[in-house]
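First up is the structure itself, then whatever we jot down about it.
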Amino acid sequence: MLERVLTKNWEKTNSHKIETYMAGGGYEALRQVLTGGFTPEQVIEEVKKSNLRGRGGAGFPTGVKWSFVPKDPSKPKYMVVNADESEPGTFKDRYILERDPHMLIEGLIIGSYAIGAKTCFIYVRGEYYHPAQVVEAALAEAYRQGFLGNNLLGSGYSLEVFLIRGAGAYICGEETALLESLEGKKGWPRLKPPFPAVVGLYKCPTVINNVETLANIPHIIRRGGQWYAGLGPPKNGGTRLFALSGHVNRPGVYELPLGITLREMIYDHAGGIRDGKVIKAVIPGGSSAPVLTAAEIDVKMDHESVAAIGSMLGSGAVIIMDETTCMVKALARITKFYAHESCGQCTPCREGTGWMLKILRRILQGEGHADDPDHLLAIQGNIQGMTICPLGDAAALPVQSFVTKFRQEFDYHCVHKRCDIESACAVPA
Amino acid sequence: MPKITIDDKEISVEGGTNIIAAAQRLGIEVPHYCYHPGLSVAGACRMCLVEIEKMPKLQTGCSTLATEGMVIKTIAHSAKAKAAVQGVLELTLINHPLDCPVCDQAGECGLQDYYMKYGLYNSRMRDAKVKKEKKASALGPHVMLDQERCILCSRCVRFTHEITKTNEIGIFNRGDHSYIDVVNGRSLENNYSGNVVDICPVGALTDRDFRFQCRVWYLQESDSICPGCSTGCNIKIHFNVRRRHIAGGRRVQRLKPRFNEAVNQWWMCDEGRYAYPSIDENRITTPSARLAAAHQRMDWRDAIDQMALALREALAAYGPESVGVIASPQLTNEDLYLIKKLFVDVLGIAAVDYRMPPNRSAKNDDFLLRADRNPNTLGAHLIGLSPFGKEISTPRILEAAAGGRLQVLYVFSTDLVAVYGEAPIANMAAHVPLMIYQGTNHNRTSTLAHLVLPAAIYAEKNGTFTNYAGRVQHLKPAFAPLAEAMPDWKILCKLAQALGHDFRYADEEAIFEELANSQPAFAGITYAGIGSHGWPIEKERVLSFVTA
Amino acid sequence: MTEIVITMGKIAFVLFCVFNLLYVLLWLERKQSAVMQDRIGANRADIFGLRAWGLFHPIADAIKMICKEDFMPAAADKFVYTAAPFLAVFFSLVGFAVIPFGDTLTLGGHTIHLQIADLNVGLLYVFAMLSLGVYGFILAGWASNNNFAFLGGMRAGSQMISYEITMGATVMGLVILFQTLSLNQMVQAQGEYFFGFIPKWGVLLQPLGFLLFLIAGIAETKRIPFDLPEGESEIIGYFVEYSGMKFGMFMMTDFIETILLSAMLTTLFFGGWQIPYLHADGFHLGGLRLAINPVLVSFLQVAAFGLKVFCFCWLLLLIRWTLPRFRYDQLMALGWKFMLPLSLLNLAITGLVVLL
Amino acid sequence: MRRNHQIPLGAIVKGLALTAGHFFRNMRIHVAHLFGRRLQEKGMVTFQYPEERRPFSPRLRTRHRLTMRADGSPRCVACMMCETICPANCIYITAGEHPDPHIEKQPLKFDIDLGVCVFCGFCVEVCPEDAIRMDTGILEFAAYSRQEMILTMDKLLMKEGAQEPDRALMKENA
């Protein structure tokens with residue numbers, strides 16, 4: 001059977017307690033790094049070797065990202081943990097925060113050490129009230145144990161960690177918007193370049209990592225990058241948390257190696273489609289990823305393979321839809337989310353998402369025009385690639401994929417002014 | 001100096017220049033809304049997208065800096081960029097109300113301009129526009145807000161954040177419900193609030209003062225210099241003399257700042273901006289003489305003759321000590337030079353000064369507005385109209401007048417009553433046989449004067465001001481003087497001729513030429529050299545005169 | 001004394017007739033042109049609601065002209081400017097002095113010749129007066145001190161000279177035939193008959209002469225198609241500066257000359273007051289005789305003259321409302337290269353025929 | 001330069017015959033009409049204007065009017081398009097604030113100087129609010145002074161005391 005790296009403690013009682021964590025070998029990696037003579041460069045090297053790629057969605061190699069931080073000591077450096085997990089369909093970080101927060105804390109300490117940060121912020125999604133409490137408690141435990149604070153384990157290295165709760169904006173999951181939010185401003189993404197690694201929080205070099213990414217660090221240090229890289233296919237080190245939701249019999253978070261096929265994931269692990277229905281579509285990487293049809297579920301779930309068929313692995317949130325789903329309604333629901341969450345800073349996303357939602361709502365109300373699907377495609381084309389941050393693309397890609405792959409459903413709606421799949425295909429409020 | 005290629009044209013620009021600015025130098029327009037050279041880059045409107053070789057995505061011209069060998073195609077050459085810009089413009093317009101007929105911005109509106117150039121013309125928008133809360137509401141004493149017209153370019157927000165640092169305006173809410181408003185019930189009240197109207201590319205922020213006064217296409221413009229303080233902000237006078245039924249026949253409709261890197265950049269203060277009504281209101285229109293209590297209109301010829309006679313008699317009977325002249329730093333260098341030439345050099349009068357006791361309540365505001373509310377104080381000084389050195393001789397002149405030692409007191413554009421109070425000036429006027437007031441507007445001093453002469457106001461004048469930093473700047477006339485008013489120098493020439501001195505000048509430039517030849521501080525300066533951006537007199541020269 | 005009274009009466013009668021005809025012509029000018037053009041014409045001037053087909057319009061015209069501002073250009077020659085219209089009217093009116101409008105009328109023993117003055121050089125007199133009339137126009141043009149007016153005056157002068165020659169040469173044919181310059185004698189001579197029954201009218205004796213005289217006559221009156229001195233669409237002409245009644249006098253001159261021309265045509269070519277076969281004592285035709293009271297005969301003759309004049313007036317108006325204006329070079333070419341040679345030819349043939 | 005010096009005598013005679021023909025024909029008919037005969041034959045094209053009126057073409061541009069909102073206020077928002085396009089410069093608008101912020105702007109004064117107007121209809125064409133029309137059917141607006149030729153907003157709005165539109169004639173042809 002597959003080795004469980006991140007989820008091995010989850011079923012234990014009091015898995016969030018430091019005792020439980022330390023009993024399973026927790027904080028040994030930290031000890032190894034701080035007292036075992038690891039230099040920050042060596043840590044980065046080990047992480048590079050592990051082929052660990054960012055788990056937030058973009059999949060950028062973590063070691064490489066850390067190495068971008070300038071060595072220049074004139075400015076403070078910051079480590080920021082992005083726990084603003086808001087993508088619809090994604091709930092993996094929440095499990096780490098709630099069930100094994102110390103794995104994250106150990107990871108962030110090692111990461112901060114590697115980039116030379118003296119301060120670390122954990123930016124937790126506002127709605128994650130309970131997880132935030134758990135992490136807060138875990139931080140207190142770590143301070144008590146001397147893993148945080150001044151002169152960690154006598155190494156001379158000091159680190160302060162602050163937990164900050166967001167106010168509920170999806171956009172603050174975007175790293176520069178998150179930094180703005182941290183600085184106390186409106187969560188508007190920044191223009192890039194400059195990238196945060198050079199000009200980040202308070203204009204200082206900043207590394208922003210996803211919760212799951214950092215949770216992998218202790219394991220990499222303890223068991224070696226080589227071992228970690230071997231867990232997955234080439235260039236995709238380690239296992240990965242997939243959040244399966246939708247019309248499957250057993251939705252939930254699954255730790256699976258990268259490269260497993262979507263079919264295996266759905267039928268072998270999640271117990272197949274509920275009520276024996278036929279699968280219709282799958283969104284493989286969070287609601288912003290282009291949708292896949294039932295014919296495409298033999299794809300291997302790693303960044304390259306998914307990208308090859310025009311979608312993306314993203315945050316590993318797999319949403320499964322069966323034959324009873326009206327794709328127009330599904331798209332309207334997704335679009336509503338992005339229209340609601342668009343920050344309003346740049347024109348295409350601000351105006352385009354709202355317009356697309358209005359059109360989709362109109363189609364659902366039976367007032368669609370034959371050329372509305374074409375308009376949707378044209379509008380998404382005017383958003384995609386034109387915006388400051390990826391939210392524009394996130395809103396545009398589902399529209400593009402839904403309308404092109406399920407065009408007949410949209411046309412049916414527009415021509416017949418009703419739905420032929422769901423008898424009560426209501427308009428999302 | 002990176003060398004870049006824009007639309008097949010090569011140009012070398014300084015490092016750090018963005019693509020919009022580089023293209024501008026080549027005369028290529030990159031459409032934009034949120035970018036303003038005086039503000040930080042926001043990159044929000046997405047109108048300035050250009051195609052850059054070796055970059056897969058379109059880049060914004062505002063935030064992309066020129067780097068060596070960059071090959072850029074603007075919408076004129078790139079179909080991809082053009083389609084993108086058209087798409088962005090379409091999105092900008094979908095929620096914009098169609099109220100151009102009532103919008104003051106119409107005619108100088110970025111949306112209208114770009115729509116005509118790059119618009120799709122056929123609307124695909126079938127759905128209702130987003131309604132916002134504030135339609136035509138006041139944002140402050142000078143600025144009107146219409147949230148629906150706003151395209152959220154954030155220029156105004158950045159202006160109050162970066163230039164005035166007052167942070168009154170913010171963008172609230174999210175997505176297509178975003179709107180601009182003032183923060184926490186504050187009001188947009190700072191001395192530079194009018195500038196947000198200038199930088200607003202659409203009709204979201206309009207000028208309350210200009211509201212519904214005149215459609216902008218009726219306006220003509222003329223370059224001038226603000227006479228409000230010694231900064232001498234470069235301005236444009238927007239006036240309407242073609243359709244006189246508009247705005248009650250007022251000629252000047254508004255003032256706008258004119259870019260001058262060395263003086264005011266893109267900005268001007270509200271105090272200067274809204275001071276224009278004096279150009280058309282309460283003007284002295286004809287020469288008049290005070291008979292008993294009332295003033296009676298008279299001919300220019302009679303007025304000049306009367307002055308000349310009085311001066312000649314006073315000089316003959318009582319000598320030059322019997323004449324006092326109070327000049328004004330509101331006058332141009334040309335006017336002041338002639339005052340000096342006529343009264344000091346030719347007639348030998350010593351009691352000539354232009355200085356008033358400083359107004360203690362006026363302060364520099366660390367940006368544009370200066371405590372000295374006169375545009376040409378340094379000019380008057382450099383011309384040499386401070387004969388008693390550092391000491392201000394105005395009170396002495398007035399004292400002499402009140403003591404009956406003056407036969408003629410000639411006051412230029414200075415409201416003595418405002419400075420010294422009504423009673424002393426009335427008393428003084430009663431003791432001088434002839435008090436002449438030559439100025440632009442009626443005031444209490446003109447009421448007390450025995451002879452009132454109408455002078456042209458700055459908008460009607462050709463001439464130069466010297467600002468506090470020694471920059472000689474040229475103001476051009478927007479229109480002819482009102483009614484019978486004449487530029488001060490012409491009045492002085494007529495007076496000089498009536499006194500038998502051959503003062504003849506073709507125009508203001510001829511006077512300035514003589515001034516430049518005779519006054520070392522102005523040596524080498526010509527109107528052509530001043531141009532539209534002014535001529536800075538070297539600092540050492542200015543200092544040597546100020547301290548001398 | 002009686003002679004003077006009778007002469008005064010004749011003058012009054014002629015002026016009465018001329019002015020009334022003038023009045024009618026003013027009305028006719030409007031009405032005839034309207035009828036020709038399928039219109040109704042001026043009909044709105046009314047007296048107490050009575051419109052009378054527009055007959056009151058000439059009155060309205062007169063009132064308007066008299067009430068209008070009498071404008072005079074500052075640079076005009078005051079005296080000449082004022083005198084010019086009077087000259088024009090005067091010379092056109094005095095032409096009527098020698099026109100015989102009837103034979104004789106015997107009343108209470110007095111035999112009255114129905115002609116104001118029977119000059120033996122009557123024809124020359126008319127031409128003389130017509131020639132003098134041009135002074136009115138030239139002086140009007142000159143005195144206005146306006147280039148366009150002056151141009152109009154000069155055009156009038158040159159046009160008069162050009163066509164007067166033709167006119168004179170044409171009439172010479174008749175003079176040769178009738179052997180007299182007296183208009184009355186000419187009319188008398190037209191009371192004879194060819195072959196005993198065809199009236200010996202000038203038009204039959206001189207058909208070409210009639211045509212040439214008609215054309216030259218129209219040119220003399222300066223009316224369309226020879227209205228170059230006016231030329232409303234180009235220069236407006238010698239009266240451009242005139243207004244009010246002074247302008248009205250020029251207008252009157254136009255119409256008086258039309259009447260004079262009609263009278264001349266009648267007198268010279270259409271038997272004047274002659275009614276074929278009507279003699280002093282009644283109708284004579286072959287063996288037929290019908291005695292009529294001589295007074296009635298005189299009346300009939302005067303009426304016949306009037307009718308003929310009226311018919312010519314009608315014809316002149318018809319021409320005026322039908323033809324477009326000539327170009328100036330065409331006018332001159334027509335006068336000098338076409339009409340003058342033809343009139344000389346006419347004279348030569350007539351002379352030859354008479355000689356033979 | 002070649003000039004045609006020929007006198008078209010034939011054409012002159014033809015022309016005279018034509019006009020004389022009309023004269024006699026119409027005289028005959030006019031006289032017959034006087035006695036109430038041959039009324040079906042038309043002798044002239046003239047309409048006896050004040051007594052006898054022709055129906056107007058619906059496209060005819062007649063005196064202007066300003067259209068109103070339901071509450072009787074002008075639809076005009078004083079955008080000055082008409083004033084701007086007017087080739088005769090005969091429209092004089094003074095704008096002011098409207099109490100309703102959704103209308104925002106209204107004319108305080110709206111004068112048209114009919115003595116200057118050339119009736120080109122550009123103002124109607126250019127109006128974005130359908131606020132000005134030239135469909136009143138009023139063609140008679142002679143006045144004794146220049147001042148009376150200026151139509152004020154009240155007159156243009158066809159308020160009380162204003163000349164009534166001659167709509168009957170407009171409709172006949174519409």
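Note on naming: chains are A, B, ... as they come in the structure tokens, residues start from 1 per chain, ligands start from 1 in the order shown.
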Show me which bits of chain D are within 7 Å of chain C, counting only C-alpha atoms, as a PyMOL selection string. chain D and resi 5+15-16+19-20+22-23+26-27+43-46
Create the file for the chosen residues now, containing all heavy atoms and written as a compact mmCIF listing (two decimals), in the first residue's frame.
# COMPACT_ATOMS: atom_id res chain seq x y z
N HIS D 5 -24.20 83.78 -82.35
CA HIS D 5 -24.89 85.03 -82.61
C HIS D 5 -26.22 84.83 -83.31
O HIS D 5 -26.86 85.79 -83.69
CB HIS D 5 -24.01 85.96 -83.45
CG HIS D 5 -22.84 86.45 -82.67
ND1 HIS D 5 -21.63 86.73 -83.24
CD2 HIS D 5 -22.69 86.67 -81.35
CE1 HIS D 5 -20.79 87.10 -82.30
NE2 HIS D 5 -21.41 87.07 -81.15
N GLY D 15 -42.07 79.64 -78.30
CA GLY D 15 -42.25 79.99 -76.90
C GLY D 15 -43.46 80.89 -76.71
O GLY D 15 -44.28 80.69 -75.82
N LEU D 16 -43.56 81.89 -77.59
CA LEU D 16 -44.69 82.80 -77.49
C LEU D 16 -46.00 82.06 -77.70
O LEU D 16 -46.99 82.30 -77.00
CB LEU D 16 -44.55 83.92 -78.53
CG LEU D 16 -43.47 84.94 -78.21
CD1 LEU D 16 -43.22 85.84 -79.41
CD2 LEU D 16 -43.87 85.77 -77.00
N THR D 19 -46.78 80.12 -74.43
CA THR D 19 -47.28 80.94 -73.32
C THR D 19 -48.63 81.55 -73.67
O THR D 19 -49.52 81.60 -72.82
CB THR D 19 -46.28 82.06 -72.98
OG1 THR D 19 -45.91 82.71 -74.18
CG2 THR D 19 -45.05 81.51 -72.31
N ALA D 20 -48.77 81.94 -74.92
CA ALA D 20 -50.07 82.49 -75.32
C ALA D 20 -51.14 81.41 -75.22
O ALA D 20 -52.26 81.67 -74.77
CB ALA D 20 -49.98 83.03 -76.74
N HIS D 22 -51.23 78.93 -73.16
CA HIS D 22 -51.60 78.81 -71.74
C HIS D 22 -52.52 79.94 -71.33
O HIS D 22 -53.48 79.76 -70.60
CB HIS D 22 -50.34 78.81 -70.87
CG HIS D 22 -49.80 77.44 -70.64
ND1 HIS D 22 -50.07 76.72 -69.51
CD2 HIS D 22 -49.02 76.65 -71.41
CE1 HIS D 22 -49.47 75.55 -69.59
NE2 HIS D 22 -48.83 75.48 -70.75
N PHE D 23 -52.15 81.13 -71.83
CA PHE D 23 -52.93 82.31 -71.46
C PHE D 23 -54.40 82.13 -71.87
O PHE D 23 -55.30 82.28 -71.05
CB PHE D 23 -52.35 83.55 -72.14
CG PHE D 23 -53.13 84.80 -71.90
CD1 PHE D 23 -52.96 85.50 -70.72
CD2 PHE D 23 -54.05 85.27 -72.83
CE1 PHE D 23 -53.69 86.65 -70.48
CE2 PHE D 23 -54.78 86.40 -72.59
CZ PHE D 23 -54.60 87.11 -71.41
N ASN D 26 -56.18 79.19 -69.98
CA ASN D 26 -56.51 79.49 -68.60
C ASN D 26 -57.54 80.60 -68.48
O ASN D 26 -58.38 80.58 -67.59
CB ASN D 26 -55.25 79.87 -67.82
CG ASN D 26 -54.35 78.67 -67.62
OD1 ASN D 26 -54.86 77.55 -67.55
ND2 ASN D 26 -53.06 78.88 -67.56
N MET D 27 -57.45 81.59 -69.39
CA MET D 27 -58.46 82.64 -69.36
C MET D 27 -59.84 82.04 -69.51
O MET D 27 -60.78 82.38 -68.79
CB MET D 27 -58.21 83.64 -70.50
CG MET D 27 -57.27 84.77 -70.17
SD MET D 27 -57.75 85.68 -68.70
CE MET D 27 -58.90 86.83 -69.42
N GLY D 43 -57.43 75.36 -63.64
CA GLY D 43 -56.74 76.38 -64.43
C GLY D 43 -55.42 76.79 -63.80
O GLY D 43 -54.58 77.39 -64.45
N MET D 44 -55.25 76.50 -62.53
CA MET D 44 -54.03 76.96 -61.88
C MET D 44 -53.61 76.00 -60.78
O MET D 44 -54.38 75.17 -60.34
CB MET D 44 -54.22 78.37 -61.28
CG MET D 44 -55.14 78.43 -60.10
SD MET D 44 -56.82 77.97 -60.50
CE MET D 44 -57.67 78.55 -59.08
N VAL D 45 -52.38 76.15 -60.39
CA VAL D 45 -51.86 75.27 -59.33
C VAL D 45 -51.90 75.97 -57.99
O VAL D 45 -51.60 75.37 -56.97
CB VAL D 45 -50.42 74.85 -59.64
CG1 VAL D 45 -50.38 73.99 -60.87
CG2 VAL D 45 -49.53 76.08 -59.79
N THR D 46 -52.24 77.23 -57.98
CA THR D 46 -52.15 78.01 -56.75
C THR D 46 -53.22 77.60 -55.75
O THR D 46 -54.35 77.33 -56.12
CB THR D 46 -52.34 79.50 -57.06
OG1 THR D 46 -51.64 79.80 -58.25
CG2 THR D 46 -51.85 80.35 -55.93
Output as a tab-separated table one row per residue of chain B within 9 Å of chain A: the closest atom pair and its distance in Å to one decimal place, counting only C-alpha atoms, sorted by chain and residue number ascending.
residue	atom	partner	partner_atom	distance
B:Val41	CA	A:Leu191	CA	8.8
B:Ala42	CA	A:Leu191	CA	7.5
B:Gly43	CA	A:Leu191	CA	6.9
B:Ala44	CA	A:Cys346	CA	4.1
B:Cys45	CA	A:Thr347	CA	5.3
B:Arg46	CA	A:Thr347	CA	6.6
B:Met47	CA	A:Thr347	CA	8.8
B:Leu49	CA	A:Met386	CA	8.1
B:Lys57	CA	A:Gly385	CA	6.4
B:Leu58	CA	A:Met386	CA	7.2
B:Gln59	CA	A:Met386	CA	8.2
B:Thr60	CA	A:Met386	CA	8.8
B:Ser63	CA	A:Leu191	CA	7.7
B:Thr64	CA	A:Pro193	CA	8.9
B:Ala83	CA	A:Asn382	CA	8.4
B:Ala84	CA	A:Asn382	CA	6.2
B:Val85	CA	A:Asn382	CA	8.7
B:Gln86	CA	A:Asn382	CA	8.8
B:Gly87	CA	A:Asn382	CA	5.3
B:Val88	CA	A:Pro348	CA	5.9
B:Leu89	CA	A:Thr347	CA	8.7
B:Leu91	CA	A:Glu351	CA	5.6
B:Thr92	CA	A:Thr347	CA	6.3
B:Leu93	CA	A:Glu351	CA	8.9
B:Ile94	CA	A:Glu351	CA	7.5
B:Asn95	CA	A:Glu351	CA	7.5
B:Arg124	CA	A:His375	CA	7.7
B:Met125	CA	A:Trp355	CA	8.2
B:Arg126	CA	A:Ile359	CA	8.2
B:Asp127	CA	A:Lys358	CA	6.6
B:Ala128	CA	A:Lys358	CA	8.5
B:Ile151	CA	A:Thr347	CA	7.9
B:Leu152	CA	A:Gln345	CA	7.4
B:Cys153	CA	A:Cys346	CA	8.1
B:Ser154	CA	A:Gln345	CA	8.7
B:Ile171	CA	A:Lys186	CA	8.9
B:Phe172	CA	A:Lys186	CA	8.9
B:Asn173	CA	A:Gly344	CA	8.1
B:Arg174	CA	A:Cys343	CA	4.9
B:Gly175	CA	A:Gly344	CA	3.9
B:Asp176	CA	A:Arg350	CA	5.1
B:His177	CA	A:Gly344	CA	7.8
B:Ser178	CA	A:Gly344	CA	6.0
Excluding same-chain residues fewer than 4 positions from region 153-167 of chain C, what lies within 8 Å of it counting only C-alpha atoms, as number ranges by chain? C: 131, 134-135, 137-142, 149, 171, 212-213, 216-217, 219-220, 222, 228-229, 237-238, 332, 335-336, 339-340, 343
Separation of CA of Phe343 (chain B) from CA of Gly403 (chain B) in Å: 21.4 Å
May I have the residues within 9 Å of Thr213 (chain A) as a list of chain:residue names, using only C-alpha atoms and disregarding those fewer than 5 positions away in the same chain? A:Leu52, A:Arg53, A:Gly54, A:Arg55, A:Gly56, A:Thr62, A:Leu104, A:Gly107
Within 8 Å of chain B, which residues of chain D are there when counting only C-alpha atoms? Please give them as number ranges by chain. D: 77-81, 92-97, 101-102, 104-105, 128
Filtered DSSP result for region 72-225 of chain C, state strand (DSSP E), as JSON, numbers by chain: {"C": [104, 105, 106, 107, 110, 111, 112, 113, 193, 194, 198, 199]}
Pairwise distance for CA of Lys280 (chain A) and CA of Ile171 (chain A), rounded to one decimal in Å: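 One can read the CA of Lys280 (chain A) to CA of Ile171 (chain A) distance as 29.6 Å.
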Would you kindly return, as number ranges by chain, each protein, DNA or RNA residue with an atom no farther than 12 Å from any atom of Gly500 (chain B), considering only C-alpha atoms and excluding same-chain residues fewer than 2 positions away? B: 305, 308-309, 311-312, 342, 346-347, 493-498, 502-504
Can I get the selected residues back with C-alpha atoms, as a PDB file, in the first residue's frame?
ATOM      1  CA  ASP B 305      -4.265 115.211 -19.563  1.00  0.00           C
ATOM      2  CA  ALA B 308      -0.070 115.086 -16.731  1.00  0.00           C
ATOM      3  CA  LEU B 309      -1.108 118.579 -15.724  1.00  0.00           C
ATOM      4  CA  LEU B 311       2.191 116.001 -12.205  1.00  0.00           C
ATOM      5  CA  ARG B 312       3.766 118.802 -14.137  1.00  0.00           C
ATOM      6  CA  LEU B 342       9.139 107.024 -15.860  1.00  0.00           C
ATOM      7  CA  VAL B 346      12.923 110.314 -15.804  1.00  0.00           C
ATOM      8  CA  LEU B 347      10.975 112.300 -13.219  1.00  0.00           C
ATOM      9  CA  CYS B 493       3.328 105.401 -22.190  1.00  0.00           C
ATOM     10  CA  LYS B 494       0.413 107.746 -22.796  1.00  0.00           C
ATOM     11  CA  LEU B 495       1.148 109.585 -19.544  1.00  0.00           C
ATOM     12  CA  ALA B 496       4.809 109.849 -20.412  1.00  0.00           C
ATOM     13  CA  GLN B 497       3.977 111.206 -23.838  1.00  0.00           C
ATOM     14  CA  ALA B 498       1.604 113.739 -22.309  1.00  0.00           C
ATOM     15  CA  ASP B 502       9.078 109.930 -25.911  1.00  0.00           C
ATOM     16  CA  PHE B 503       7.910 106.598 -24.579  1.00  0.00           C
ATOM     17  CA  ARG B 504       7.076 104.493 -27.612  1.00  0.00           C
TER      18      ARG B 504
END
Just the helix (DSSP H, G or I) stuff from region 462-537 of chain B, please, per backbone DSSP, written as a list in words.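 Written out, the helix (DSSP H, G or I) residues of region 462-537 of chain B are Asp488, Trp489, Lys490, Ile491, Leu492, Cys493, Lys494, Leu495, Ala496, Gln497, Ala498, Glu508, Glu509, Ala510, Ile511, Phe512, Glu513, Glu514, Leu515, Ala516, Asn517, Ser518, Pro520, Ala521, Phe522, Tyr527, Ala528, Gly529 and Ile530 of chain B.
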Print the selection's residues with N, CA and C atoms to a file, as a short mmCIF file (atom, residue, chain, number, x, y, z; two decimals), in the first residue's frame.
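Contents of the output file result_24.cif:
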data_model
loop_
_atom_site.label_atom_id
_atom_site.label_comp_id
_atom_site.auth_asym_id
_atom_site.auth_seq_id
_atom_site.Cartn_x
_atom_site.Cartn_y
_atom_site.Cartn_z
N ASP B 488 -1.30 98.30 -18.25
CA ASP B 488 -0.67 99.38 -17.48
C ASP B 488 0.41 100.09 -18.30
N TRP B 489 1.19 99.30 -19.05
CA TRP B 489 2.31 99.92 -19.78
C TRP B 489 1.82 100.91 -20.82
N LYS B 490 0.66 100.63 -21.38
CA LYS B 490 0.14 101.57 -22.39
C LYS B 490 -0.29 102.87 -21.73
N ILE B 491 -0.91 102.73 -20.55
CA ILE B 491 -1.32 103.92 -19.82
C ILE B 491 -0.09 104.76 -19.46
N LEU B 492 0.95 104.04 -19.02
CA LEU B 492 2.17 104.75 -18.63
C LEU B 492 2.79 105.45 -19.83
N CYS B 493 2.76 104.78 -20.99
CA CYS B 493 3.33 105.40 -22.19
C CYS B 493 2.56 106.67 -22.55
N LYS B 494 1.23 106.58 -22.45
CA LYS B 494 0.41 107.75 -22.80
C LYS B 494 0.72 108.90 -21.83
N LEU B 495 0.85 108.56 -20.55
CA LEU B 495 1.15 109.59 -19.54
C LEU B 495 2.50 110.22 -19.83
N ALA B 496 3.47 109.35 -20.15
CA ALA B 496 4.81 109.85 -20.41
C ALA B 496 4.80 110.78 -21.62
N GLN B 497 4.04 110.37 -22.64
CA GLN B 497 3.98 111.21 -23.84
C GLN B 497 3.32 112.55 -23.53
N ALA B 498 2.28 112.49 -22.69
CA ALA B 498 1.60 113.74 -22.31
C ALA B 498 2.54 114.64 -21.52
N GLU B 508 4.89 94.60 -25.81
CA GLU B 508 5.50 94.24 -24.55
C GLU B 508 6.91 93.69 -24.74
N GLU B 509 7.08 93.00 -25.87
CA GLU B 509 8.39 92.38 -26.11
C GLU B 509 9.47 93.45 -26.24
N ALA B 510 9.11 94.57 -26.84
CA ALA B 510 10.08 95.65 -27.00
C ALA B 510 10.49 96.21 -25.63
N ILE B 511 9.50 96.32 -24.72
CA ILE B 511 9.82 96.80 -23.37
C ILE B 511 10.75 95.82 -22.68
N PHE B 512 10.41 94.51 -22.86
CA PHE B 512 11.21 93.50 -22.17
C PHE B 512 12.64 93.51 -22.71
N GLU B 513 12.76 93.74 -24.00
CA GLU B 513 14.09 93.79 -24.60
C GLU B 513 14.92 94.89 -23.95
N GLU B 514 14.27 96.06 -23.78
CA GLU B 514 14.97 97.18 -23.14
C GLU B 514 15.30 96.85 -21.70
N LEU B 515 14.34 96.18 -21.03
CA LEU B 515 14.55 95.79 -19.64
C LEU B 515 15.74 94.83 -19.55
N ALA B 516 15.77 93.84 -20.47
CA ALA B 516 16.84 92.85 -20.43
C ALA B 516 18.19 93.51 -20.71
N ASN B 517 18.18 94.55 -21.53
CA ASN B 517 19.43 95.23 -21.85
C ASN B 517 19.90 96.15 -20.73
N SER B 518 18.94 96.65 -19.92
CA SER B 518 19.34 97.63 -18.91
C SER B 518 19.49 97.03 -17.52
N PRO B 520 20.78 94.11 -15.22
CA PRO B 520 21.70 92.95 -15.32
C PRO B 520 21.03 91.64 -14.93
N ALA B 521 20.05 91.69 -14.00
CA ALA B 521 19.44 90.44 -13.58
C ALA B 521 18.73 89.75 -14.74
N PHE B 522 18.26 90.54 -15.68
CA PHE B 522 17.49 89.97 -16.79
C PHE B 522 18.34 89.80 -18.06
N TYR B 527 11.86 86.76 -25.02
CA TYR B 527 10.57 86.06 -24.99
C TYR B 527 10.70 84.67 -25.61
N ALA B 528 11.47 84.60 -26.69
CA ALA B 528 11.64 83.30 -27.34
C ALA B 528 12.32 82.32 -26.39
N GLY B 529 13.30 82.84 -25.64
CA GLY B 529 14.02 81.98 -24.70
C GLY B 529 13.14 81.54 -23.54
N ILE B 530 12.23 82.39 -23.12
CA ILE B 530 11.33 82.04 -22.02
C ILE B 530 10.41 80.90 -22.44
#
